[in-house]
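**Student:** File follows, protein09.cif with mmCIF, C-alpha atoms:
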```
data_work
#
loop_
_atom_site.label_atom_id
_atom_site.label_comp_id
_atom_site.auth_asym_id
_atom_site.auth_seq_id
_atom_site.Cartn_x
_atom_site.Cartn_y
_atom_site.Cartn_z
CA MET R 1 -145.11 37.75 -69.86
CA PHE R 2 -147.51 39.91 -71.83
CA PRO R 3 -146.21 41.53 -74.99
CA GLN R 4 -145.24 45.14 -74.46
CA LEU R 5 -146.72 47.84 -76.71
CA ASP R 6 -144.86 50.97 -77.42
CA VAL R 7 -146.41 54.36 -76.73
CA THR R 8 -147.33 55.01 -80.37
CA GLU R 9 -149.28 51.76 -80.73
CA THR R 10 -151.03 52.29 -77.41
CA THR R 11 -152.15 55.78 -78.41
CA TYR R 12 -153.38 54.54 -81.78
CA LEU R 13 -155.41 51.70 -80.25
CA ALA R 14 -156.91 54.00 -77.64
CA ARG R 15 -158.02 56.48 -80.28
CA LEU R 16 -159.45 53.66 -82.41
CA ILE R 17 -161.47 52.27 -79.51
CA VAL R 18 -162.77 55.72 -78.57
CA SER R 19 -163.75 56.40 -82.20
CA ILE R 20 -165.63 53.11 -82.45
CA LEU R 21 -167.44 53.76 -79.18
CA GLY R 22 -168.31 57.27 -80.36
CA VAL R 23 -169.84 55.95 -83.58
CA VAL R 24 -171.86 53.35 -81.66
CA VAL R 25 -173.12 55.95 -79.18
CA PHE R 26 -174.00 58.37 -82.00
CA PHE R 27 -176.01 55.81 -83.95
CA SER R 28 -177.74 54.59 -80.79
CA LEU R 29 -178.73 58.15 -79.96
CA ALA R 30 -179.94 58.77 -83.52
CA VAL R 31 -182.10 55.62 -83.49
CA TRP R 32 -183.56 56.60 -80.11
CA LEU R 33 -184.44 60.09 -81.32
CA ILE R 34 -186.07 58.76 -84.50
CA ARG R 35 -188.19 56.27 -82.55
CA ARG R 36 -189.17 58.95 -80.06
CA ARG R 37 -190.27 61.33 -82.83
CA GLN R 38 -192.26 58.60 -84.56
CA ALA R 39 -194.00 57.77 -81.31
CA ALA R 40 -194.85 61.43 -80.73
CA GLN R 41 -196.32 62.00 -84.19
CA PRO R 42 -200.14 61.91 -84.32
CA ILE R 43 -201.38 58.81 -86.07
CA GLU R 44 -204.25 59.20 -88.45
CA ALA R 45 -207.24 57.34 -87.10
CA GLU R 46 -208.82 54.77 -89.36
CA PRO R 47 -211.93 56.40 -90.83
CA VAL R 48 -215.24 54.65 -90.35
CA PRO R 49 -217.56 55.04 -93.34
CA THR R 50 -220.34 56.81 -91.49
CA LYS R 51 -222.50 59.79 -92.35
CA LEU R 52 -224.53 62.35 -90.53
CA GLU R 53 -227.49 60.52 -89.09
CA MET R 54 -230.60 61.11 -91.17
CA MET R 55 -234.23 60.45 -90.56
CA PRO R 56 -235.69 57.58 -92.61
CA GLY R 57 -236.07 58.55 -96.25
CA ALA R 58 -233.87 61.62 -96.00
CA GLU R 59 -230.95 60.16 -97.95
CA THR R 60 -233.22 59.31 -100.88
CA LEU R 61 -234.75 62.76 -100.66
CA LEU R 62 -231.35 64.45 -100.78
CA ALA R 63 -230.33 62.47 -103.86
CA ASN R 64 -233.56 63.39 -105.62
CA LEU R 65 -233.25 67.07 -104.75
CA ASN R 66 -229.86 67.40 -106.40
CA PRO R 67 -229.95 65.11 -109.47
CA LEU R 68 -226.51 65.22 -111.10
CA THR R 69 -225.18 63.16 -113.96
CA SER R 70 -222.06 61.11 -113.29
CA HIS R 71 -220.02 63.61 -115.32
CA GLU R 72 -221.41 66.58 -113.38
CA ARG R 73 -220.79 64.81 -110.10
CA SER R 74 -217.19 64.06 -111.09
CA GLU R 75 -216.52 67.65 -112.15
CA ARG R 76 -218.06 69.06 -109.02
CA HIS R 77 -216.14 66.66 -106.83
CA LEU R 78 -212.89 67.86 -108.37
CA ALA R 79 -213.96 71.46 -107.75
CA LEU R 80 -214.83 70.59 -104.15
CA VAL R 81 -211.45 68.96 -103.53
CA LYS R 82 -209.64 71.95 -105.04
CA THR R 83 -211.65 74.37 -102.92
CA TYR R 84 -210.96 72.32 -99.80
CA GLU R 85 -207.22 72.19 -100.46
CA THR R 86 -207.14 75.97 -100.91
CA TRP R 87 -209.20 76.47 -97.75
CA LYS R 88 -206.95 74.17 -95.76
CA THR R 89 -203.76 75.82 -97.00
CA GLU R 90 -204.88 79.43 -96.67
CA ARG R 91 -207.42 79.38 -93.85
CA VAL R 92 -206.42 76.72 -91.32
CA LEU R 93 -203.53 78.24 -89.37
CA HIS R 94 -201.29 76.82 -86.67
CA SER R 95 -201.37 78.49 -83.27
CA GLU R 96 -198.21 79.74 -81.61
CA ASP R 97 -198.15 76.70 -79.31
CA GLY R 98 -197.96 74.40 -82.34
CA ARG R 99 -200.56 72.08 -80.84
CA SER R 100 -203.79 73.63 -82.09
CA ARG R 101 -205.18 75.16 -85.26
CA PHE R 102 -207.68 77.88 -85.99
CA VAL R 103 -209.50 79.57 -88.85
CA ARG R 104 -208.84 83.30 -89.06
CA THR R 105 -211.97 85.42 -88.79
CA GLY R 106 -210.45 88.85 -88.33
CA VAL R 107 -207.78 91.04 -86.78
CA GLU R 108 -208.04 92.90 -83.49
CA LYS R 109 -205.71 95.26 -81.68
CA SER R 110 -204.49 93.99 -78.33
CA GLY R 111 -202.12 96.31 -76.53
CA LEU R 112 -199.62 97.63 -79.04
CA ARG R 113 -200.02 94.78 -81.51
CA TYR R 114 -202.68 93.45 -83.83
CA GLN R 115 -203.72 89.86 -83.20
CA LEU R 116 -205.57 87.33 -85.32
CA VAL R 117 -209.10 86.47 -84.21
CA ALA R 118 -210.96 83.15 -84.21
CA THR R 119 -214.52 82.25 -83.19
CA THR R 120 -216.06 79.12 -81.75
CA GLN R 121 -218.71 79.15 -84.49
CA THR R 122 -216.13 78.97 -87.26
CA GLN R 123 -214.05 76.37 -85.40
CA ALA R 124 -217.12 74.15 -85.08
CA LEU R 125 -218.01 74.40 -88.76
CA ALA R 126 -214.37 73.81 -89.72
CA ILE R 127 -214.47 70.54 -87.75
CA LEU R 128 -217.64 69.59 -89.63
CA VAL R 129 -215.92 70.27 -92.96
CA SER R 130 -212.94 68.18 -91.86
CA VAL R 131 -215.26 65.25 -91.16
CA LEU R 132 -216.96 65.60 -94.54
CA MET R 133 -213.59 65.56 -96.34
CA ALA R 134 -212.23 62.55 -94.43
CA GLU R 135 -212.10 60.29 -97.48
CA HIS R 136 -210.00 62.82 -99.35
CA ASP R 137 -207.71 64.09 -96.58
CA PRO R 138 -205.76 61.44 -94.60
CA GLN R 139 -204.91 64.09 -91.99
CA ALA R 140 -208.48 65.28 -91.50
CA SER R 141 -208.84 63.70 -88.05
CA VAL R 142 -205.64 65.37 -86.84
CA GLN R 143 -206.96 68.67 -88.18
CA ALA R 144 -210.33 68.22 -86.48
CA GLU R 145 -208.74 67.50 -83.11
CA ALA R 146 -206.38 70.46 -83.44
CA LEU R 147 -209.31 72.76 -84.24
CA PHE R 148 -211.13 71.46 -81.18
CA ALA R 149 -207.98 71.95 -79.09
CA ALA R 150 -208.02 75.67 -79.88
CA ALA R 151 -211.58 75.97 -78.57
CA LEU R 152 -210.71 74.02 -75.43
CA ALA R 153 -207.70 76.26 -74.81
CA HIS R 154 -209.90 79.37 -74.57
CA PRO R 155 -212.63 78.81 -71.98
CA ALA R 156 -215.47 81.28 -71.59
CA TYR R 157 -215.92 83.81 -68.82
CA GLN R 158 -217.25 82.01 -65.72
CA GLN R 159 -218.03 78.98 -67.91
CA PRO R 160 -214.89 76.79 -67.88
CA ASP R 161 -216.62 73.90 -69.69
CA LEU R 162 -217.60 76.14 -72.62
CA SER R 163 -215.49 78.28 -74.96
CA SER R 164 -215.19 82.02 -75.39
CA TRP R 165 -217.28 83.00 -78.40
CA LYS R 166 -214.26 84.90 -79.76
CA PHE R 167 -210.59 84.50 -78.88
CA LEU R 168 -207.10 85.56 -79.89
CA PRO R 169 -205.39 82.21 -80.53
CA ASP R 170 -201.82 83.54 -80.48
CA LEU R 171 -202.19 85.19 -77.07
CA PRO R 172 -201.42 82.98 -74.05
CA ARG R 173 -204.05 84.89 -72.08
CA SER R 174 -206.76 85.80 -74.53
CA PRO R 175 -209.66 87.70 -72.91
CA ARG R 176 -212.40 85.38 -71.69
CA LEU R 177 -215.75 86.32 -73.18
CA ASP R 178 -219.23 84.84 -72.89
CA PRO R 179 -220.02 81.60 -74.73
CA ASP R 180 -222.03 81.49 -77.95
CA ALA R 181 -224.82 79.01 -77.21
CA HIS R 182 -225.56 78.27 -80.87
CA ALA R 183 -221.87 77.80 -81.67
CA GLU R 184 -221.44 75.51 -78.66
CA ALA R 185 -224.23 73.30 -79.95
CA TRP R 186 -222.44 73.13 -83.31
CA LEU R 187 -219.16 72.29 -81.55
CA VAL R 188 -220.68 69.38 -79.63
CA HIS R 189 -222.42 68.09 -82.75
CA SER R 190 -219.33 68.38 -84.96
CA MET R 191 -217.07 66.61 -82.46
CA THR R 192 -219.68 63.89 -82.00
CA MET R 193 -219.56 63.37 -85.77
CA ALA R 194 -215.76 63.27 -85.60
CA THR R 195 -215.72 60.57 -82.91
CA GLU R 196 -218.18 58.52 -84.93
CA ARG R 197 -216.18 58.98 -88.12
CA TRP R 198 -212.83 58.15 -86.50
CA SER R 199 -213.34 55.71 -83.67
CA GLY R 200 -209.63 55.76 -82.86
CA ILE R 201 -209.09 59.46 -82.13
CA ASN R 202 -207.95 59.87 -78.54
CA ARG R 203 -206.15 63.17 -78.12
CA PHE R 204 -208.81 64.06 -75.54
CA ASN R 205 -211.17 61.99 -73.44
CA TYR R 206 -214.22 62.62 -75.59
CA SER R 207 -216.45 60.23 -73.65
CA GLU R 208 -216.16 62.68 -70.74
CA ILE R 209 -215.69 66.03 -72.49
CA ILE R 210 -218.70 65.85 -74.82
CA PRO R 211 -221.27 64.97 -72.10
CA GLU R 212 -219.76 67.62 -69.81
CA ARG R 213 -220.04 70.30 -72.48
CA LEU R 214 -223.55 69.16 -73.29
CA ARG R 215 -224.68 69.58 -69.68
CA ALA R 216 -222.79 72.87 -69.33
CA LEU R 217 -224.48 74.22 -72.46
CA GLN R 218 -227.93 73.24 -71.25
CA THR R 219 -227.29 74.86 -67.86
CA TYR R 220 -225.95 78.02 -69.49
CA ALA R 221 -228.90 78.29 -71.88
CA LYS R 222 -231.28 78.28 -68.92
CA THR R 223 -229.51 81.30 -67.42
CA LEU R 224 -229.87 83.50 -70.51
CA ALA R 225 -232.05 86.56 -70.08
CA PRO R 226 -234.90 86.96 -72.60
CA GLU R 227 -233.07 89.70 -74.50
CA MET R 228 -229.99 87.46 -74.81
CA LEU R 229 -232.08 84.45 -75.78
CA ALA R 230 -233.65 86.49 -78.57
CA GLN R 231 -230.18 86.89 -80.14
CA VAL R 232 -229.58 83.14 -80.42
CA SER R 233 -230.11 81.71 -83.90
CA PHE R 234 -232.79 79.09 -84.44
CA SER R 235 -231.24 75.74 -83.49
CA GLY R 236 -233.92 73.26 -84.51
CA TYR R 237 -231.65 70.85 -86.35
CA LEU R 238 -228.95 70.94 -83.68
CA THR R 239 -231.36 70.32 -80.82
CA SER R 240 -232.73 67.30 -82.68
CA ARG R 241 -229.19 65.88 -82.71
CA LEU R 242 -228.42 66.87 -79.12
CA ARG R 243 -231.49 65.00 -77.91
CA VAL R 244 -230.05 61.84 -79.43
CA LEU R 245 -226.96 62.26 -77.23
CA ASP R 246 -228.95 62.73 -74.03
CA ALA R 247 -232.73 62.50 -74.15
CA SER R 248 -233.02 63.66 -70.54
CA LEU R 249 -231.87 67.21 -71.32
CA ASP R 250 -234.41 69.88 -72.23
CA TRP R 251 -233.39 72.27 -75.02
CA ALA R 252 -236.42 74.54 -74.93
CA ASP R 253 -234.18 77.43 -73.85
CA LEU R 254 -231.78 77.18 -76.79
CA GLY R 255 -233.15 79.80 -79.16
CA GLU R 256 -236.62 80.02 -80.65
CA SER R 257 -238.93 77.04 -80.42
CA ARG R 258 -239.85 75.26 -83.63
CA GLU R 259 -243.40 76.59 -83.45
CA GLN R 260 -242.26 80.17 -82.91
CA PHE R 261 -239.66 80.04 -85.67
CA PHE R 262 -241.99 78.50 -88.26
CA ALA R 263 -244.66 81.08 -87.41
CA ASN R 264 -242.17 83.95 -87.82
CA PHE R 265 -240.78 82.46 -91.02
CA ALA R 266 -244.26 82.30 -92.54
CA GLU R 267 -244.81 86.02 -91.94
CA PRO R 268 -244.39 88.24 -95.04
CA GLY R 269 -241.13 90.16 -94.95
CA TYR R 270 -239.27 87.71 -92.72
CA PHE R 271 -236.04 88.02 -94.70
CA LYS R 272 -236.08 91.82 -94.51
CA GLY R 273 -237.33 91.95 -90.95
CA GLU R 274 -234.36 90.23 -89.30
CA PRO R 275 -231.78 92.97 -88.64
CA VAL R 276 -228.96 90.62 -87.58
CA PHE R 277 -227.58 89.00 -90.72
CA SER R 278 -225.67 86.28 -88.87
CA LYS R 279 -228.78 85.18 -86.98
CA LEU R 280 -230.77 85.08 -90.22
CA GLY R 281 -228.13 83.07 -92.07
CA LEU R 282 -227.47 80.51 -89.35
CA SER R 283 -231.21 80.07 -88.79
CA LEU R 284 -231.74 79.42 -92.50
CA LEU R 285 -228.99 76.81 -92.39
CA GLN R 286 -230.80 75.04 -89.54
CA LEU R 287 -234.09 75.16 -91.41
CA GLY R 288 -232.48 73.68 -94.51
CA PHE R 289 -230.82 70.88 -92.58
CA LEU R 290 -234.11 70.03 -90.91
CA ALA R 291 -235.62 69.58 -94.36
CA LEU R 292 -232.71 67.77 -96.03
CA LEU R 293 -231.32 65.61 -93.27
CA ASN R 294 -234.29 65.10 -90.95
CA HIS R 295 -236.96 65.13 -93.66
CA ASP R 296 -238.97 67.30 -91.29
CA PRO R 297 -242.44 67.93 -92.80
CA LEU R 298 -242.89 71.26 -91.01
CA ALA R 299 -239.55 72.50 -92.31
CA LEU R 300 -240.35 71.37 -95.85
CA ASN R 301 -243.76 73.04 -95.72
CA ALA R 302 -242.25 76.25 -94.36
CA ILE R 303 -239.70 76.44 -97.17
CA ARG R 304 -242.22 75.65 -99.88
CA GLY R 305 -244.73 78.10 -98.44
CA SER R 306 -242.16 80.91 -98.69
CA GLU R 307 -240.71 79.89 -102.05
CA GLN R 308 -241.19 83.28 -103.68
CA GLU R 309 -239.44 85.11 -100.85
CA VAL R 310 -236.60 82.58 -100.83
CA VAL R 311 -236.09 83.00 -104.58
CA GLU R 312 -236.13 86.80 -104.35
CA PHE R 313 -233.68 86.69 -101.47
CA VAL R 314 -231.27 84.46 -103.40
CA GLU R 315 -231.61 86.64 -106.50
CA GLY R 316 -230.63 89.65 -104.41
CA LEU R 317 -227.59 87.82 -103.06
CA LEU R 318 -226.51 86.83 -106.55
CA ILE R 319 -226.38 90.45 -107.70
CA ASN R 320 -224.69 91.67 -104.51
CA GLN R 321 -227.65 93.66 -103.26
CA LEU R 322 -227.56 92.17 -99.78
CA THR R 323 -224.51 92.30 -97.55
CA GLY R 324 -223.78 92.43 -93.84
CA PRO R 325 -220.64 93.43 -91.94
CA GLU R 326 -220.64 90.43 -89.60
CA PHE R 327 -221.99 87.88 -92.06
CA SER R 328 -220.79 88.15 -95.64
CA ARG R 329 -222.73 87.65 -98.86
CA LEU R 330 -220.88 84.37 -99.43
CA ALA R 331 -221.74 83.17 -95.94
CA MET R 332 -225.42 83.94 -96.49
CA LEU R 333 -225.52 82.44 -99.97
CA SER R 334 -223.93 79.25 -98.64
CA SER R 335 -226.25 79.06 -95.64
CA ILE R 336 -229.36 79.05 -97.80
CA VAL R 337 -228.14 76.20 -100.04
CA PRO R 338 -229.92 73.41 -98.08
CA ALA R 339 -233.23 75.28 -98.20
CA LEU R 340 -232.70 76.03 -101.87
CA LEU R 341 -232.14 72.36 -102.63
CA ALA R 342 -235.40 71.52 -100.89
CA LEU R 343 -237.22 73.70 -103.44
CA GLU R 344 -235.75 71.65 -106.31
CA LEU R 345 -234.97 74.75 -108.36
CA ARG R 346 -232.20 73.38 -110.57
CA GLU R 347 -231.53 76.52 -112.63
CA LEU R 348 -231.21 78.72 -109.55
CA SER R 349 -229.04 76.10 -107.84
CA GLU R 350 -226.72 76.13 -110.87
CA ARG R 351 -226.35 79.90 -110.57
CA VAL R 352 -225.59 79.62 -106.87
CA TRP R 353 -222.96 76.97 -107.64
CA ASP R 354 -221.31 79.29 -110.17
CA ALA R 355 -221.36 82.17 -107.68
CA LEU R 356 -219.75 80.09 -104.93
CA ILE R 357 -217.07 78.74 -107.25
CA ASP R 358 -216.26 82.12 -108.82
CA SER R 359 -216.23 84.20 -105.63
CA GLN R 360 -213.30 84.47 -103.24
CA PRO R 361 -213.89 85.21 -99.55
CA ASP R 362 -212.07 88.09 -97.90
CA LYS R 363 -208.92 87.13 -95.99
CA ASP R 364 -210.71 87.79 -92.70
CA ASP R 365 -213.91 86.02 -93.73
CA GLY R 366 -213.07 82.62 -92.29
CA LEU R 367 -216.72 81.94 -91.53
CA GLY R 368 -217.75 82.74 -95.10
CA ALA R 369 -214.93 80.61 -96.53
CA THR R 370 -215.92 77.65 -94.36
CA LEU R 371 -219.64 77.95 -95.10
CA ARG R 372 -218.80 78.32 -98.80
CA LEU R 373 -217.01 74.98 -98.67
CA LEU R 374 -220.04 73.42 -96.97
CA GLY R 375 -222.35 74.85 -99.65
CA ILE R 376 -220.13 73.55 -102.45
CA ALA R 377 -220.12 70.11 -100.81
CA LEU R 378 -223.93 70.04 -100.74
CA LEU R 379 -224.25 71.22 -104.33
CA SER R 380 -221.69 68.66 -105.48
CA GLY R 381 -223.86 65.86 -104.16
CA THR R 382 -221.67 65.00 -101.18
CA ALA R 383 -223.51 62.70 -98.79
CA ILE R 384 -223.57 64.25 -95.33
#
```
Mind converting the file's structure to structure tokens?

**Tutor:**
Amino acid sequence: MFPQLDVTETTYLARLIVSILGVVVFFSLAVWLIRRRQAAQPIEAEPVPTKLEMMPGAETLLANLNPLTSHERSERHLALVKTYETWKTERVLHSEDGRSRFVRTGVEKSGLRYQLVATTQTQALAILVSVLMAEHDPQASVQAEALFAAALAHPAYQQPDLSSWKFLPDLPRSPRLDPDAHAEAWLVHSMTMATERWSGINRFNYSEIIPERLRALQTYAKTLAPEMLAQVSFSGYLTSRLRVLDASLDWADLGESREQFFANFAEPGYFKGEPVFSKLGLSLLQLGFLALLNHDPLALNAIRGSEQEVVEFVEGLLINQLTGPEFSRLAMLSSIVPALLALELRELSERVWDALIDSQPDKDDGLGATLRLLGIALLSGTAI
């Protein structure tokens, strides 16, 4: 015979067993949720100590052009890190979907509401900045991929493999606009740098996406009418990098040829003759990178041959004489930094450094804020 339990004992034991089972189930569920969240979190890829590819001798040239003492380099590095942290906190915003990020470049009315605006050009340069700051920021690779995700999420009109030159990141159906050929070249180049810097990033299939975008860009550039082609900034440095990715592609249709640009640059009044400030600034950035990173003799000769005009142009920027609605004074001042370094004018470079550090970009000047960070990095002696 089994011992008989009274009703009170039976009820107590039943409640005890149910309570124990409840605790076990609760903790099991909690452990499962924690493991699931950890698995879903993006893991920072291990950075590979690589740099932007330079032509032979360019790294030595860059060091000689910006001779800083160890104390100056340390102080400027601290200023660079502080500027980057401020830029990241204030400028890099999370999209509504929570899966991408963008740099605000303006505000635009859509329907009854005002929406934030982003551009492919700024996204591409923001990715470049993220790569340059990889040693300081352990989340830089996550940031770079999220910035790229925003561009991917907003394809261009009739060009699904390219991005709309401007988009409203918080709108599920942002209007599809034409691509920006120059910005697309920057985007491919910046993401190529990112995949070289972090070999483990895998949010997207970059081995397929980058070649596809490269071919789509080359095809699109060939379709541009002459009047549209004339609006594209000089892309000499970018095309030199794109040829490394695929030597079979011809980039003659991506902006002015080297010969044409150098001839125009040598003409008196070049700086005053270009009515589109953004084209002027981005072209100067390309020219400077050709000199600093590629050690291109034609670029170096062009800059040195126009030294007086370059100096006068920078002097005008420093006293706020030159501004443009679509390309701010800070954006222009930052874009000319590589060319200025090639001239080895230390005193003028010091003044430009002070101007970049002391000035604050407008809240809608995401492009200027990002270029400012790039200029500060160059002037601080950062190897890129």

**Student:** Ranking R:Glu85, R:Glu227, R:Glu108, R:Glu350 by minimum distance to R:Ser130 and counting only C-alpha atoms, which one comes first?

**Tutor:**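 The shortest atom-to-atom distance to R:Ser130 comes from R:Glu85.
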
**Student:** Evaluate the PyMOL selection byres ((chain R and resi 251) around 9) here and jot the selected residues down as a list in words.

**Tutor:**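 Selected by the PyMOL selection byres ((chain R and resi 251) around 9) in this file: Gln218, Ala221, Lys222, Thr239, Leu242, Arg243, Leu249, Asp250, Ala252, Asp253, Leu254 and Gly255 of chain R.
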
**Student:** As an exercise, work out the distance from atom CA of R:Gly381 to atom CA of R:Phe261 in Å and give it to one decimal place.

**Tutor:**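 Interatomic distance here is 28.2 Å.
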
**Student:** Which residues would end up in the selection if the PyMOL selection byres ((chain R and resi 172-175) around 9) were applied here, given that I need the answer as a compact mmCIF listing (two decimals) with C-alpha atoms, keeping the file's coordinate frame?

**Tutor:**
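Final file, out.txt:
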```txt
# COMPACT_ATOMS: atom_id res chain seq x y z
CA GLU R 96 -198.21 79.74 -81.61
CA ASP R 97 -198.15 76.70 -79.31
CA HIS R 154 -209.90 79.37 -74.57
CA ALA R 156 -215.47 81.28 -71.59
CA TYR R 157 -215.92 83.81 -68.82
CA SER R 164 -215.19 82.02 -75.39
CA LYS R 166 -214.26 84.90 -79.76
CA PHE R 167 -210.59 84.50 -78.88
CA LEU R 168 -207.10 85.56 -79.89
CA PRO R 169 -205.39 82.21 -80.53
CA ASP R 170 -201.82 83.54 -80.48
CA LEU R 171 -202.19 85.19 -77.07
CA ARG R 176 -212.40 85.38 -71.69
CA LEU R 177 -215.75 86.32 -73.18
```

**Student:** What is the atom CA of R:Thr89 to atom CA of R:Leu68 distance in Å?

**Tutor:**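 For atom CA of R:Thr89 relative to atom CA of R:Leu68, the distance reads 28.8 Å.
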
**Student:** Check what the PyMOL selection byres ((chain R and resi 283) around 10) selects in the file above and give those residues as a PyMOL selection string.

**Tutor:** chain R and resi 182+232-237+255-256+261+277-282+284-289+335-336

**Student:** Counting only C-alpha atoms, which of R:Leu217, R:Met133, R:Ala383, R:Leu348 gets nearest to R:Lys82?

**Tutor:**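 Of R:Leu217, R:Met133, R:Ala383, R:Leu348, the one nearest R:Lys82 is R:Met133, counting only C-alpha atoms.
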
**Student:** Between atom CA of R:Leu374 and atom CA of R:Ser334, what is the distance, to one decimal in Å?

**Tutor:**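 About the pair atom CA of R:Leu374 and atom CA of R:Ser334: they are 7.2 Å apart.
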